[in-house]
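The file data-v4.cif contains mmCIF, C-alpha atoms and all ligand atoms; chains and numbers go by the auth columns:
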```cif
data_final
#
loop_
_atom_site.group_PDB
_atom_site.id
_atom_site.type_symbol
_atom_site.label_atom_id
_atom_site.label_comp_id
_atom_site.label_asym_id
_atom_site.label_seq_id
_atom_site.Cartn_x
_atom_site.Cartn_y
_atom_site.Cartn_z
_atom_site.B_iso_or_equiv
_atom_site.auth_seq_id
_atom_site.auth_asym_id
ATOM 1 C CA MET A 1 1.157 -26.841 12.953 0.00 100 U
ATOM 2 C CA THR A 2 2.104 -23.713 14.965 0.00 101 U
ATOM 3 C CA PRO A 3 0.542 -20.584 13.443 0.00 102 U
ATOM 4 C CA ALA A 4 3.035 -18.082 12.013 0.00 103 U
ATOM 5 C CA PHE A 5 3.732 -15.116 14.280 0.00 104 U
ATOM 6 C CA GLU A 6 3.288 -11.831 12.485 0.00 105 U
ATOM 7 C CA ARG A 7 4.455 -8.488 13.770 0.00 106 U
ATOM 8 C CA ILE A 8 3.940 -5.087 12.190 0.00 107 U
ATOM 9 C CA ARG A 9 6.347 -2.334 13.185 0.00 108 U
ATOM 10 C CA ASP A 10 7.496 1.072 11.987 0.00 109 U
ATOM 11 C CA ALA A 11 10.137 0.794 9.283 0.00 110 U
ATOM 12 C CA ILE A 12 13.618 2.037 10.157 0.00 111 U
ATOM 13 C CA ALA A 13 16.605 3.106 8.048 0.00 112 U
ATOM 14 C CA GLY A 14 18.050 -0.406 8.367 0.00 113 U
ATOM 15 C CA ASP A 15 15.057 -1.793 6.421 0.00 114 U
ATOM 16 C CA ARG A 16 15.968 0.135 3.269 0.00 115 U
ATOM 17 C CA ALA A 17 18.056 -2.668 1.729 0.00 116 U
ATOM 18 C CA PHE A 18 15.188 -5.138 2.233 0.00 117 U
ATOM 19 C CA MET A 19 12.729 -2.714 0.651 0.00 118 U
ATOM 20 C CA LEU A 20 14.963 -2.011 -2.333 0.00 119 U
ATOM 21 C CA ALA A 21 15.569 -5.717 -2.933 0.00 120 U
ATOM 22 C CA LEU A 22 11.858 -6.507 -2.792 0.00 121 U
ATOM 23 C CA ASP A 23 11.066 -3.525 -5.012 0.00 122 U
ATOM 24 C CA GLY A 24 13.481 -4.923 -7.600 0.00 123 U
ATOM 25 C CA LEU A 25 11.356 -8.069 -7.907 0.00 124 U
ATOM 26 C CA VAL A 26 8.246 -6.120 -8.885 0.00 125 U
ATOM 27 C CA LEU A 27 7.427 -5.181 -12.469 0.00 126 U
ATOM 28 C CA GLY A 28 7.994 -1.563 -13.463 0.00 127 U
ATOM 29 C CA THR A 29 10.634 1.011 -12.667 0.00 128 U
ATOM 30 C CA PRO A 30 12.111 0.464 -9.196 0.00 129 U
ATOM 31 C CA ARG A 31 12.016 3.400 -6.800 0.00 130 U
ATOM 32 C CA SER A 32 15.375 4.952 -5.920 0.00 131 U
ATOM 33 C CA SER A 33 17.138 4.626 -2.585 0.00 132 U
ATOM 34 C CA ALA A 34 16.630 8.395 -2.174 0.00 133 U
ATOM 35 C CA TRP A 35 12.866 7.830 -2.482 0.00 134 U
ATOM 36 C CA TYR A 36 13.023 5.246 0.304 0.00 135 U
ATOM 37 C CA ASP A 37 15.314 7.398 2.468 0.00 136 U
ATOM 38 C CA GLU A 38 12.875 10.278 2.284 0.00 137 U
ATOM 39 C CA HIS A 39 9.904 8.116 3.282 0.00 138 U
ATOM 40 C CA LEU A 40 11.819 6.315 6.006 0.00 139 U
ATOM 41 C CA ARG A 41 13.013 9.610 7.497 0.00 140 U
ATOM 42 C CA ALA A 42 9.428 10.877 7.461 0.00 141 U
ATOM 43 C CA GLY A 43 8.167 7.743 9.238 0.00 142 U
ATOM 44 C CA HIS A 44 5.989 6.629 6.328 0.00 143 U
ATOM 45 C CA GLY A 45 7.034 2.977 6.319 0.00 144 U
ATOM 46 C CA LEU A 46 5.674 -0.142 8.001 0.00 145 U
ATOM 47 C CA VAL A 47 7.222 -3.597 7.817 0.00 146 U
ATOM 48 C CA ALA A 48 5.751 -7.011 8.499 0.00 147 U
ATOM 49 C CA GLU A 49 7.840 -9.726 10.090 0.00 148 U
ATOM 50 C CA ARG A 50 6.793 -13.335 10.056 0.00 149 U
ATOM 51 C CA ASP A 51 8.435 -15.452 12.708 0.00 150 U
ATOM 52 C CA GLY A 52 11.138 -12.782 12.941 0.00 151 U
ATOM 53 C CA VAL A 53 11.828 -12.704 9.186 0.00 152 U
ATOM 54 C CA LEU A 54 11.042 -9.636 7.075 0.00 153 U
ATOM 55 C CA ALA A 55 7.991 -10.517 4.990 0.00 154 U
ATOM 56 C CA GLY A 56 6.709 -7.306 3.414 0.00 155 U
ATOM 57 C CA PHE A 57 6.276 -3.577 3.739 0.00 156 U
ATOM 58 C CA ALA A 58 3.956 -0.658 3.082 0.00 157 U
ATOM 59 C CA ILE A 59 4.564 3.034 2.445 0.00 158 U
ATOM 60 C CA HIS A 60 1.756 5.374 3.446 0.00 159 U
ATOM 61 C CA HIS A 61 1.709 9.191 3.351 0.00 160 U
ATOM 62 C CA ARG A 62 -0.561 12.201 3.004 0.00 161 U
ATOM 63 C CA HIS A 63 1.091 13.965 0.072 0.00 162 U
ATOM 64 C CA PHE A 64 -1.719 12.942 -2.296 0.00 163 U
ATOM 65 C CA PHE A 65 -4.002 15.995 -2.234 0.00 164 U
ATOM 66 C CA GLN A 66 -3.440 15.904 1.537 0.00 165 U
ATOM 67 C CA ARG A 67 -5.305 12.569 1.663 0.00 166 U
ATOM 68 C CA ASP A 68 -4.101 9.269 3.055 0.00 167 U
ATOM 69 C CA PHE A 69 -2.398 7.382 0.262 0.00 168 U
ATOM 70 C CA LEU A 70 -1.041 3.836 0.214 0.00 169 U
ATOM 71 C CA ALA A 71 1.922 4.423 -2.081 0.00 170 U
ATOM 72 C CA LEU A 72 3.401 0.944 -2.051 0.00 171 U
ATOM 73 C CA LEU A 73 2.633 -2.512 -0.692 0.00 172 U
ATOM 74 C CA ILE A 74 4.936 -5.432 -1.434 0.00 173 U
ATOM 75 C CA VAL A 75 5.103 -8.899 0.101 0.00 174 U
ATOM 76 C CA GLU A 76 7.919 -11.418 -0.212 0.00 175 U
ATOM 77 C CA PRO A 77 7.043 -14.073 -2.809 0.00 176 U
ATOM 78 C CA TRP A 78 7.639 -16.889 -0.262 0.00 177 U
ATOM 79 C CA CYS A 79 4.765 -15.773 1.946 0.00 178 U
ATOM 80 C CA ARG A 80 2.238 -14.350 -0.474 0.00 179 U
ATOM 81 C CA ARG A 81 -1.444 -15.307 -0.254 0.00 180 U
ATOM 82 C CA SER A 82 -1.169 -15.905 3.459 0.00 181 U
ATOM 83 C CA GLY A 83 -2.531 -12.613 4.770 0.00 182 U
ATOM 84 C CA VAL A 84 0.631 -10.490 5.141 0.00 183 U
ATOM 85 C CA ALA A 85 -0.664 -7.684 2.893 0.00 184 U
ATOM 86 C CA THR A 86 -4.029 -7.776 4.640 0.00 185 U
ATOM 87 C CA THR A 87 -2.326 -7.317 8.017 0.00 186 U
ATOM 88 C CA LEU A 88 -0.191 -4.463 6.661 0.00 187 U
ATOM 89 C CA LEU A 89 -3.260 -2.796 5.165 0.00 188 U
ATOM 90 C CA GLN A 90 -5.044 -2.995 8.535 0.00 189 U
ATOM 91 C CA ALA A 91 -2.032 -1.313 10.171 0.00 190 U
ATOM 92 C CA VAL A 92 -2.025 1.412 7.501 0.00 191 U
ATOM 93 C CA GLU A 93 -5.730 2.038 8.070 0.00 192 U
ATOM 94 C CA LYS A 94 -5.075 2.532 11.786 0.00 193 U
ATOM 95 C CA ARG A 95 -2.556 5.249 10.901 0.00 194 U
ATOM 96 C CA CYS A 96 -4.922 7.138 8.621 0.00 195 U
ATOM 97 C CA THR A 97 -6.065 10.506 9.866 0.00 196 U
ATOM 98 C CA GLY A 98 -8.684 11.092 7.183 0.00 197 U
ATOM 99 C CA ALA A 99 -11.944 9.354 6.353 0.00 198 U
ATOM 100 C CA ASP A 100 -10.694 7.713 3.195 0.00 199 U
ATOM 101 C CA LEU A 101 -7.616 5.895 1.975 0.00 200 U
ATOM 102 C CA PHE A 102 -6.493 6.222 -1.630 0.00 201 U
ATOM 103 C CA THR A 103 -4.135 4.008 -3.593 0.00 202 U
ATOM 104 C CA SER A 104 -3.309 3.193 -7.193 0.00 203 U
ATOM 105 C CA THR A 105 -2.052 0.290 -9.229 0.00 204 U
ATOM 106 C CA ASN A 106 -1.450 -0.607 -12.846 0.00 205 U
ATOM 107 C CA ALA A 107 -4.459 -1.874 -14.791 0.00 206 U
ATOM 108 C CA SER A 108 -2.439 -5.022 -15.526 0.00 207 U
ATOM 109 C CA ASN A 109 -1.935 -5.815 -11.813 0.00 208 U
ATOM 110 C CA GLN A 110 -4.815 -8.265 -11.432 0.00 209 U
ATOM 111 C CA THR A 111 -3.550 -9.559 -8.082 0.00 210 U
ATOM 112 C CA MET A 112 -3.548 -6.127 -6.451 0.00 211 U
ATOM 113 C CA ARG A 113 -6.886 -5.274 -8.047 0.00 212 U
ATOM 114 C CA GLN A 114 -8.338 -8.468 -6.611 0.00 213 U
ATOM 115 C CA ALA A 115 -6.905 -7.642 -3.192 0.00 214 U
ATOM 116 C CA LEU A 116 -8.269 -4.076 -3.309 0.00 215 U
ATOM 117 C CA LYS A 117 -11.723 -5.389 -4.165 0.00 216 U
ATOM 118 C CA LYS A 118 -11.557 -7.806 -1.245 0.00 217 U
ATOM 119 C CA TRP A 119 -10.461 -4.993 1.100 0.00 218 U
ATOM 120 C CA GLY A 120 -13.383 -2.771 0.107 0.00 219 U
ATOM 121 C CA PHE A 121 -11.716 -0.281 -2.248 0.00 220 U
ATOM 122 C CA ARG A 122 -13.604 1.035 -5.265 0.00 221 U
ATOM 123 C CA ALA A 123 -12.316 2.544 -8.497 0.00 222 U
ATOM 124 C CA THR A 124 -12.204 6.327 -8.540 0.00 223 U
ATOM 125 C CA GLY A 125 -10.065 7.379 -11.482 0.00 224 U
ATOM 126 C CA ARG A 126 -7.442 6.591 -14.041 0.00 225 U
ATOM 127 C CA ILE A 127 -4.137 8.200 -14.968 0.00 226 U
ATOM 128 C CA ASP A 128 -2.640 7.657 -18.403 0.00 227 U
ATOM 129 C CA ASN A 129 0.892 8.319 -19.600 0.00 228 U
ATOM 130 C CA ILE A 130 2.802 6.862 -16.651 0.00 229 U
ATOM 131 C CA ASP A 131 3.532 3.315 -17.858 0.00 230 U
ATOM 132 C CA PRO A 132 2.978 3.104 -21.637 0.00 231 U
ATOM 133 C CA GLY A 133 -0.089 1.011 -22.487 0.00 232 U
ATOM 134 C CA ASP A 134 -0.806 0.225 -18.818 0.00 233 U
ATOM 135 C CA PRO A 135 -2.924 2.934 -17.153 0.00 234 U
ATOM 136 C CA GLU A 136 -2.630 3.652 -13.454 0.00 235 U
ATOM 137 C CA LEU A 137 -5.992 3.024 -11.801 0.00 236 U
ATOM 138 C CA VAL A 138 -6.860 4.985 -8.657 0.00 237 U
ATOM 139 C CA PHE A 139 -8.917 3.421 -5.860 0.00 238 U
ATOM 140 C CA VAL A 140 -10.461 4.697 -2.646 0.00 239 U
ATOM 141 C CA LYS A 141 -11.710 3.065 0.512 0.00 240 U
ATOM 142 C CA LYS A 142 -14.086 4.914 2.819 0.00 241 U
ATOM 143 C CA LEU A 143 -12.769 4.323 6.336 0.00 242 U
ATOM 144 C CA SER A 144 -15.137 6.170 8.615 0.00 243 U
ATOM 145 C CA GLU A 145 -17.534 9.012 8.209 0.00 244 U
ATOM 146 C CA GLY A 146 -16.995 12.387 9.805 0.00 245 U
ATOM 147 C CA ALA A 147 -13.298 12.151 10.642 0.00 246 U
ATOM 148 C CA ASP A 148 -11.872 14.020 7.697 0.00 247 U
ATOM 149 C CA PHE A 149 -11.472 17.664 8.439 0.00 248 U
ATOM 150 C CA MET A 150 -9.635 18.232 5.140 0.00 249 U
ATOM 151 C CA SER A 151 -12.491 16.749 3.088 0.00 250 U
ATOM 152 C CA ALA A 152 -15.009 19.049 4.688 0.00 251 U
ATOM 153 C CA ARG A 153 -12.766 22.053 4.230 0.00 252 U
ATOM 154 C CA GLN A 154 -11.997 21.281 0.599 0.00 253 U
ATOM 155 C CA THR A 155 -15.652 20.708 -0.215 0.00 254 U
ATOM 156 C CA LYS A 156 -16.432 24.198 1.081 0.00 255 U
ATOM 157 C CA ARG A 157 -13.495 25.755 -0.730 0.00 256 U
ATOM 158 C CA GLY A 158 -14.195 24.003 -4.019 0.00 257 U
ATOM 159 C CA PRO A 159 -11.816 22.178 -6.311 0.00 258 U
ATOM 160 C CA THR A 160 -8.133 23.071 -6.604 0.00 259 U
HETATM 161 C C1 LIG B . -0.512 -7.726 -4.112 0.00 301 U
HETATM 162 C C2 LIG B . 0.240 -8.316 -2.909 0.00 301 U
HETATM 163 C C3 LIG B . 0.785 -7.163 -2.032 0.00 301 U
HETATM 164 C C4 LIG B . -0.733 -9.157 -2.067 0.00 301 U
HETATM 165 O O1 LIG B . -0.032 -9.620 -0.924 0.00 301 U
HETATM 166 P P1 LIG B . -0.468 -10.936 -0.134 0.00 301 U
HETATM 167 O O2 LIG B . 0.193 -10.930 1.186 0.00 301 U
HETATM 168 O O3 LIG B . -0.229 -12.122 -0.993 0.00 301 U
HETATM 169 O O4 LIG B . -2.047 -10.703 0.036 0.00 301 U
HETATM 170 P P2 LIG B . -3.011 -11.441 1.058 0.00 301 U
HETATM 171 O O5 LIG B . -2.513 -12.825 1.330 0.00 301 U
HETATM 172 O O6 LIG B . -3.255 -10.565 2.229 0.00 301 U
HETATM 173 O O7 LIG B . -4.347 -11.593 0.179 0.00 301 U
HETATM 174 C C5 LIG B . -5.400 -10.645 0.227 0.00 301 U
HETATM 175 C C6 LIG B . -6.328 -10.892 -0.936 0.00 301 U
HETATM 176 O O8 LIG B . -5.699 -10.494 -2.160 0.00 301 U
HETATM 177 C C7 LIG B . -6.158 -11.337 -3.230 0.00 301 U
HETATM 178 N N1 LIG B . -5.022 -12.074 -3.769 0.00 301 U
HETATM 179 C C8 LIG B . -3.776 -12.174 -3.256 0.00 301 U
HETATM 180 N N2 LIG B . -2.995 -12.908 -4.058 0.00 301 U
HETATM 181 C C9 LIG B . -3.773 -13.304 -5.094 0.00 301 U
HETATM 182 C C10 LIG B . -3.543 -14.072 -6.261 0.00 301 U
HETATM 183 N N3 LIG B . -2.332 -14.617 -6.513 0.00 301 U
HETATM 184 N N4 LIG B . -4.546 -14.249 -7.136 0.00 301 U
HETATM 185 C C11 LIG B . -5.766 -13.705 -6.892 0.00 301 U
HETATM 186 N N5 LIG B . -6.064 -12.960 -5.799 0.00 301 U
HETATM 187 C C12 LIG B . -5.065 -12.760 -4.916 0.00 301 U
HETATM 188 C C13 LIG B . -7.177 -12.275 -2.619 0.00 301 U
HETATM 189 O O9 LIG B . -8.450 -11.664 -2.697 0.00 301 U
HETATM 190 C C14 LIG B . -6.692 -12.343 -1.185 0.00 301 U
HETATM 191 O O10 LIG B . -7.676 -12.764 -0.282 0.00 301 U
HETATM 192 P P3 LIG B . -7.934 -14.367 -0.125 0.00 301 U
HETATM 193 O O11 LIG B . -6.611 -15.048 -0.028 0.00 301 U
HETATM 194 O O12 LIG B . -8.729 -14.447 1.151 0.00 301 U
HETATM 195 O O13 LIG B . -8.711 -14.772 -1.335 0.00 301 U
HETATM 196 C C15 LIG B . 1.406 -9.246 -3.368 0.00 301 U
HETATM 197 O O14 LIG B . 0.921 -10.136 -4.345 0.00 301 U
HETATM 198 C C16 LIG B . 2.603 -8.504 -3.944 0.00 301 U
HETATM 199 O O15 LIG B . 3.510 -8.121 -3.202 0.00 301 U
HETATM 200 N N6 LIG B . 2.637 -8.296 -5.278 0.00 301 U
HETATM 201 C C17 LIG B . 3.731 -7.612 -5.934 0.00 301 U
HETATM 202 C C18 LIG B . 3.780 -6.138 -5.567 0.00 301 U
HETATM 203 C C19 LIG B . 2.532 -5.406 -6.009 0.00 301 U
HETATM 204 O O16 LIG B . 2.027 -5.595 -7.109 0.00 301 U
HETATM 205 N N7 LIG B . 2.038 -4.515 -5.107 0.00 301 U
HETATM 206 C C20 LIG B . 0.830 -3.751 -5.369 0.00 301 U
HETATM 207 C C21 LIG B . 1.081 -2.470 -6.062 0.00 301 U
HETATM 208 S S1 LIG B . 1.950 -1.326 -5.055 0.00 301 U
#
```
Mind turning the file's structure into structure tokens?
Ligand SMILES: CC(C)(COP(=O)(O)OP(=O)(O)OC[C@H]1O[C@@H](n2cnc3c(N)ncnc32)[C@H](O)[C@@H]1OP(=O)(O)O)[C@@H](O)C(=O)NCCC(=O)NCCS
Amino acid sequence: MTPAFERIRDAIAGDRAFMLALDGLVLGTPRSSAWYDEHLRAGHGLVAERDGVLAGFAIHHRHFFQRDFLALLIVEPWCRRSGVATTLLQAVEKRCTGADLFTSTNASNQTMRQALKKWGFRATGRIDNIDPGDPELVFVKKLSEGADFMSARQTKRGPT
């Protein structure tokens, strides 16, 4: 069997409809088209194509305490558990400018929690009162030591 060809590229405005449709399949409140427009304009999106077909996307930014944050990662149901999210995550990591990458997911999202564990993330906090009865768990992955200027600066300055 020929292996699937996967390509990761920057998301463009034309990918918004795909992102919104995929978002609608995921549990919880879907993000608005304005939310996507803002991230797409800012260049925060990556999409994965498998054999030329859109297969998934990631949104990554640095608005989370000025740290790299994986805000969203969704893969098409038809190609899940075949490495698409792993490839997207690797592309996100290459874009990170700090030493650590944060993300969060609902406590009930066992699949994402399993994936985060596999990718080397560890739990670092919990936020209540977002989805009733389903806390948001925060995770961090240490990417490389010594690259994060902001971390060093914030440590000196103390908490904000
Ligand atoms: C979570 C999600 C992005 C994973 O995407 P994916 O492309 O299927 O993930 P991968 O194939 O790269 O798998 C990576 C690892 O995740 C874990 N994983 C993925 N699917 C799993 C499942 N159904 N059950 C258990 N573990 C699973 C495994 O550890 C897997 O590694 P392995 O296959 O070598 O065991 C996908 O299931 C999804 O889009 N879910 C809905 C959206 C969502 O919840 N996003 C996360 C919050 S933003």
task: Mind checking which residues fall within 10 Å of Leu145 (chain U), counting only C-alpha atoms, ignoring those fewer than 4 positions away in the same chain, and posting them as a PyMOL selection string?
output: chain U and resi 107-111+114+139+155-159+172+187-188+190-191
task: Specify as an MDAnalysis selection string each residue included when the PyMOL selection byres (((not hetatm)) within 6 of (chain U and resi 301)) is applied to this file.
output: chainID U and resid 125 171:174 179:185 204 210:211 213:214 217
message: Taking 4 positions as the minimum chain separation for residues in the same chain, which residues sit within 6 Å of Phe220 (chain U) when counting all atoms listed in the file? Answer as JSON, numbers by chain.
response: {"U": [215, 216, 238, 239, 240]}
task: Name every residue that the PyMOL selection byres (((chain U and resi 206) around 8) and not hetatm) selects in this structure, writing the answer as an MDAnalysis selection string with chains first and numbers rising.
output: chainID U and resid 204:205 207:209 212 233:236
- request: Name the residues in contact with Arg130 (chain U) at a cut-off of 12 Å, using only C-alpha atoms, excluding same-chain residues fewer than 2 positions from it; report them as a ChimeraX atom specification.
  value: /U:115,118-128,132-138,158,170-171
- request: Output the residue selection produced by the PyMOL selection byres (((chain U and resi 105) around 7) and not hetatm) on the file above, formatted as JSON, numbers by chain.
  value: {"U": [103, 104, 106, 107, 147, 148, 149, 150]}
Please, could you write that set of residues out with C-alpha atoms as a short mmCIF file (atom, residue, chain, number, x, y, z; two decimals), keeping the file's coordinate frame?
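part_21.cif was written with the following content:
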```
data_model
loop_
_atom_site.label_atom_id
_atom_site.label_comp_id
_atom_site.auth_asym_id
_atom_site.auth_seq_id
_atom_site.Cartn_x
_atom_site.Cartn_y
_atom_site.Cartn_z
CA ALA U 103 3.04 -18.08 12.01
CA PHE U 104 3.73 -15.12 14.28
CA ARG U 106 4.46 -8.49 13.77
CA ILE U 107 3.94 -5.09 12.19
CA ALA U 147 5.75 -7.01 8.50
CA GLU U 148 7.84 -9.73 10.09
CA ARG U 149 6.79 -13.34 10.06
CA ASP U 150 8.44 -15.45 12.71
#
```
- request: Rank U:Cys195, U:Ala112, U:Ala222, U:Ile229 by their smallest atom-to-atom distance to Ser243 (chain U), using only C-alpha atoms, and report the top residue only.
  value: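 Under the stated criterion, the closest residue is U:Cys195.
Interatomic distance, CA of Asp227 (chain U) to CA of Phe168 (chain U): 18.7 Å.
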Please write out, as lines of an AutoDock Vina configuration file, where the centre of an axis-aligned box around all listed atoms of region 207-220 of chain U lies and how long its edges are, in Å to one decimal, after adding 8 Å on each side.
```
center_x = -7.7
center_y = -4.9
center_z = -7.2
size_x = 27.4
size_y = 25.3
size_z = 32.6
```
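Between CA of Glu175 (chain U) and CA of Phe117 (chain U) the separation is 9.9 Å.
For the pair CA of Thr196 (chain U) and CA of Arg225 (chain U), the interatomic distance is 24.3 Å.
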Given the block above, output region 123-152 of chain U with N, CA and C atoms as a PDB file, in the first residue's frame.
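Generated file (out.pdb):
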```pdb
ATOM      1  N   GLY U 123     -17.413  22.238  14.572  1.00  0.00           N
ATOM      2  CA  GLY U 123     -18.804  21.902  14.881  1.00  0.00           C
ATOM      3  C   GLY U 123     -18.999  20.440  15.271  1.00  0.00           C
ATOM      4  N   LEU U 124     -18.029  19.597  14.908  1.00  0.00           N
ATOM      5  CA  LEU U 124     -18.147  18.167  15.238  1.00  0.00           C
ATOM      6  C   LEU U 124     -17.659  17.856  16.649  1.00  0.00           C
ATOM      7  N   VAL U 125     -16.961  18.833  17.251  1.00  0.00           N
ATOM      8  CA  VAL U 125     -16.332  18.595  18.547  1.00  0.00           C
ATOM      9  C   VAL U 125     -17.265  19.037  19.672  1.00  0.00           C
ATOM     10  N   LEU U 126     -17.246  18.301  20.758  1.00  0.00           N
ATOM     11  CA  LEU U 126     -18.109  18.634  21.899  1.00  0.00           C
ATOM     12  C   LEU U 126     -17.772  20.016  22.445  1.00  0.00           C
ATOM     13  N   GLY U 127     -18.755  20.689  22.987  1.00  0.00           N
ATOM     14  CA  GLY U 127     -18.522  22.011  23.580  1.00  0.00           C
ATOM     15  C   GLY U 127     -18.992  23.113  22.647  1.00  0.00           C
ATOM     16  N   THR U 128     -18.816  24.343  23.120  1.00  0.00           N
ATOM     17  CA  THR U 128     -19.296  25.492  22.354  1.00  0.00           C
ATOM     18  C   THR U 128     -18.354  25.769  21.191  1.00  0.00           C
ATOM     19  N   PRO U 129     -18.882  25.776  19.943  1.00  0.00           N
ATOM     20  CA  PRO U 129     -17.977  26.052  18.822  1.00  0.00           C
ATOM     21  C   PRO U 129     -17.453  27.486  18.871  1.00  0.00           C
ATOM     22  N   ARG U 130     -16.233  27.677  18.373  1.00  0.00           N
ATOM     23  CA  ARG U 130     -15.682  29.021  18.289  1.00  0.00           C
ATOM     24  C   ARG U 130     -16.334  29.751  17.116  1.00  0.00           C
ATOM     25  N   SER U 131     -16.386  31.082  17.209  1.00  0.00           N
ATOM     26  CA  SER U 131     -17.083  31.864  16.187  1.00  0.00           C
ATOM     27  C   SER U 131     -16.198  32.051  14.956  1.00  0.00           C
ATOM     28  N   SER U 132     -16.842  32.452  13.839  1.00  0.00           N
ATOM     29  CA  SER U 132     -16.015  32.717  12.656  1.00  0.00           C
ATOM     30  C   SER U 132     -15.099  33.909  12.908  1.00  0.00           C
ATOM     31  N   ALA U 133     -15.541  34.860  13.749  1.00  0.00           N
ATOM     32  CA  ALA U 133     -14.673  36.008  14.069  1.00  0.00           C
ATOM     33  C   ALA U 133     -13.412  35.543  14.788  1.00  0.00           C
ATOM     34  N   TRP U 134     -13.569  34.536  15.659  1.00  0.00           N
ATOM     35  CA  TRP U 134     -12.408  33.986  16.385  1.00  0.00           C
ATOM     36  C   TRP U 134     -11.409  33.419  15.382  1.00  0.00           C
ATOM     37  N   TYR U 135     -11.928  32.663  14.403  1.00  0.00           N
ATOM     38  CA  TYR U 135     -11.043  32.081  13.389  1.00  0.00           C
ATOM     39  C   TYR U 135     -10.418  33.172  12.520  1.00  0.00           C
ATOM     40  N   ASP U 136     -11.231  34.154  12.128  1.00  0.00           N
ATOM     41  CA  ASP U 136     -10.696  35.233  11.266  1.00  0.00           C
ATOM     42  C   ASP U 136      -9.507  35.905  11.936  1.00  0.00           C
ATOM     43  N   GLU U 137      -9.672  36.184  13.209  1.00  0.00           N
ATOM     44  CA  GLU U 137      -8.611  36.880  13.952  1.00  0.00           C
ATOM     45  C   GLU U 137      -7.320  36.042  13.945  1.00  0.00           C
ATOM     46  N   HIS U 138      -7.470  34.751  14.232  1.00  0.00           N
ATOM     47  CA  HIS U 138      -6.273  33.894  14.280  1.00  0.00           C
ATOM     48  C   HIS U 138      -5.673  33.675  12.897  1.00  0.00           C
ATOM     49  N   LEU U 139      -6.533  33.577  11.898  1.00  0.00           N
ATOM     50  CA  LEU U 139      -6.012  33.378  10.539  1.00  0.00           C
ATOM     51  C   LEU U 139      -5.266  34.622  10.066  1.00  0.00           C
ATOM     52  N   ARG U 140      -5.847  35.798  10.364  1.00  0.00           N
ATOM     53  CA  ARG U 140      -5.172  37.050   9.980  1.00  0.00           C
ATOM     54  C   ARG U 140      -3.808  37.163  10.658  1.00  0.00           C
ATOM     55  N   ALA U 141      -3.750  36.698  11.910  1.00  0.00           N
ATOM     56  CA  ALA U 141      -2.496  36.803  12.671  1.00  0.00           C
ATOM     57  C   ALA U 141      -1.491  35.704  12.314  1.00  0.00           C
ATOM     58  N   GLY U 142      -1.894  34.777  11.446  1.00  0.00           N
ATOM     59  CA  GLY U 142      -0.967  33.705  11.047  1.00  0.00           C
ATOM     60  C   GLY U 142      -0.798  32.642  12.109  1.00  0.00           C
ATOM     61  N   HIS U 143      -1.825  32.412  12.909  1.00  0.00           N
ATOM     62  CA  HIS U 143      -1.721  31.439  14.005  1.00  0.00           C
ATOM     63  C   HIS U 143      -2.116  30.016  13.618  1.00  0.00           C
ATOM     64  N   GLY U 144      -2.569  29.824  12.394  1.00  0.00           N
ATOM     65  CA  GLY U 144      -3.127  28.519  12.024  1.00  0.00           C
ATOM     66  C   GLY U 144      -2.189  27.663  11.181  1.00  0.00           C
ATOM     67  N   LEU U 145      -2.288  26.364  11.380  1.00  0.00           N
ATOM     68  CA  LEU U 145      -1.595  25.382  10.533  1.00  0.00           C
ATOM     69  C   LEU U 145      -2.621  24.357  10.099  1.00  0.00           C
ATOM     70  N   VAL U 146      -2.543  23.892   8.866  1.00  0.00           N
ATOM     71  CA  VAL U 146      -3.433  22.814   8.438  1.00  0.00           C
ATOM     72  C   VAL U 146      -2.612  21.629   7.950  1.00  0.00           C
ATOM     73  N   ALA U 147      -3.194  20.455   8.121  1.00  0.00           N
ATOM     74  CA  ALA U 147      -2.580  19.227   7.605  1.00  0.00           C
ATOM     75  C   ALA U 147      -3.419  18.760   6.426  1.00  0.00           C
ATOM     76  N   GLU U 148      -2.727  18.385   5.369  1.00  0.00           N
ATOM     77  CA  GLU U 148      -3.407  17.789   4.212  1.00  0.00           C
ATOM     78  C   GLU U 148      -2.894  16.364   4.059  1.00  0.00           C
ATOM     79  N   ARG U 149      -3.797  15.479   3.820  1.00  0.00           N
ATOM     80  CA  ARG U 149      -3.385  14.090   3.547  1.00  0.00           C
ATOM     81  C   ARG U 149      -3.781  13.748   2.128  1.00  0.00           C
ATOM     82  N   ASP U 150      -2.805  13.428   1.335  1.00  0.00           N
ATOM     83  CA  ASP U 150      -3.047  13.170  -0.093  1.00  0.00           C
ATOM     84  C   ASP U 150      -3.893  14.282  -0.713  1.00  0.00           C
ATOM     85  N   GLY U 151      -3.570  15.531  -0.339  1.00  0.00           N
ATOM     86  CA  GLY U 151      -4.243  16.686  -0.929  1.00  0.00           C
ATOM     87  C   GLY U 151      -5.589  17.025  -0.316  1.00  0.00           C
ATOM     88  N   VAL U 152      -6.024  16.254   0.674  1.00  0.00           N
ATOM     89  CA  VAL U 152      -7.339  16.504   1.300  1.00  0.00           C
ATOM     90  C   VAL U 152      -7.105  17.062   2.701  1.00  0.00           C
TER      91      VAL U 152
END
```
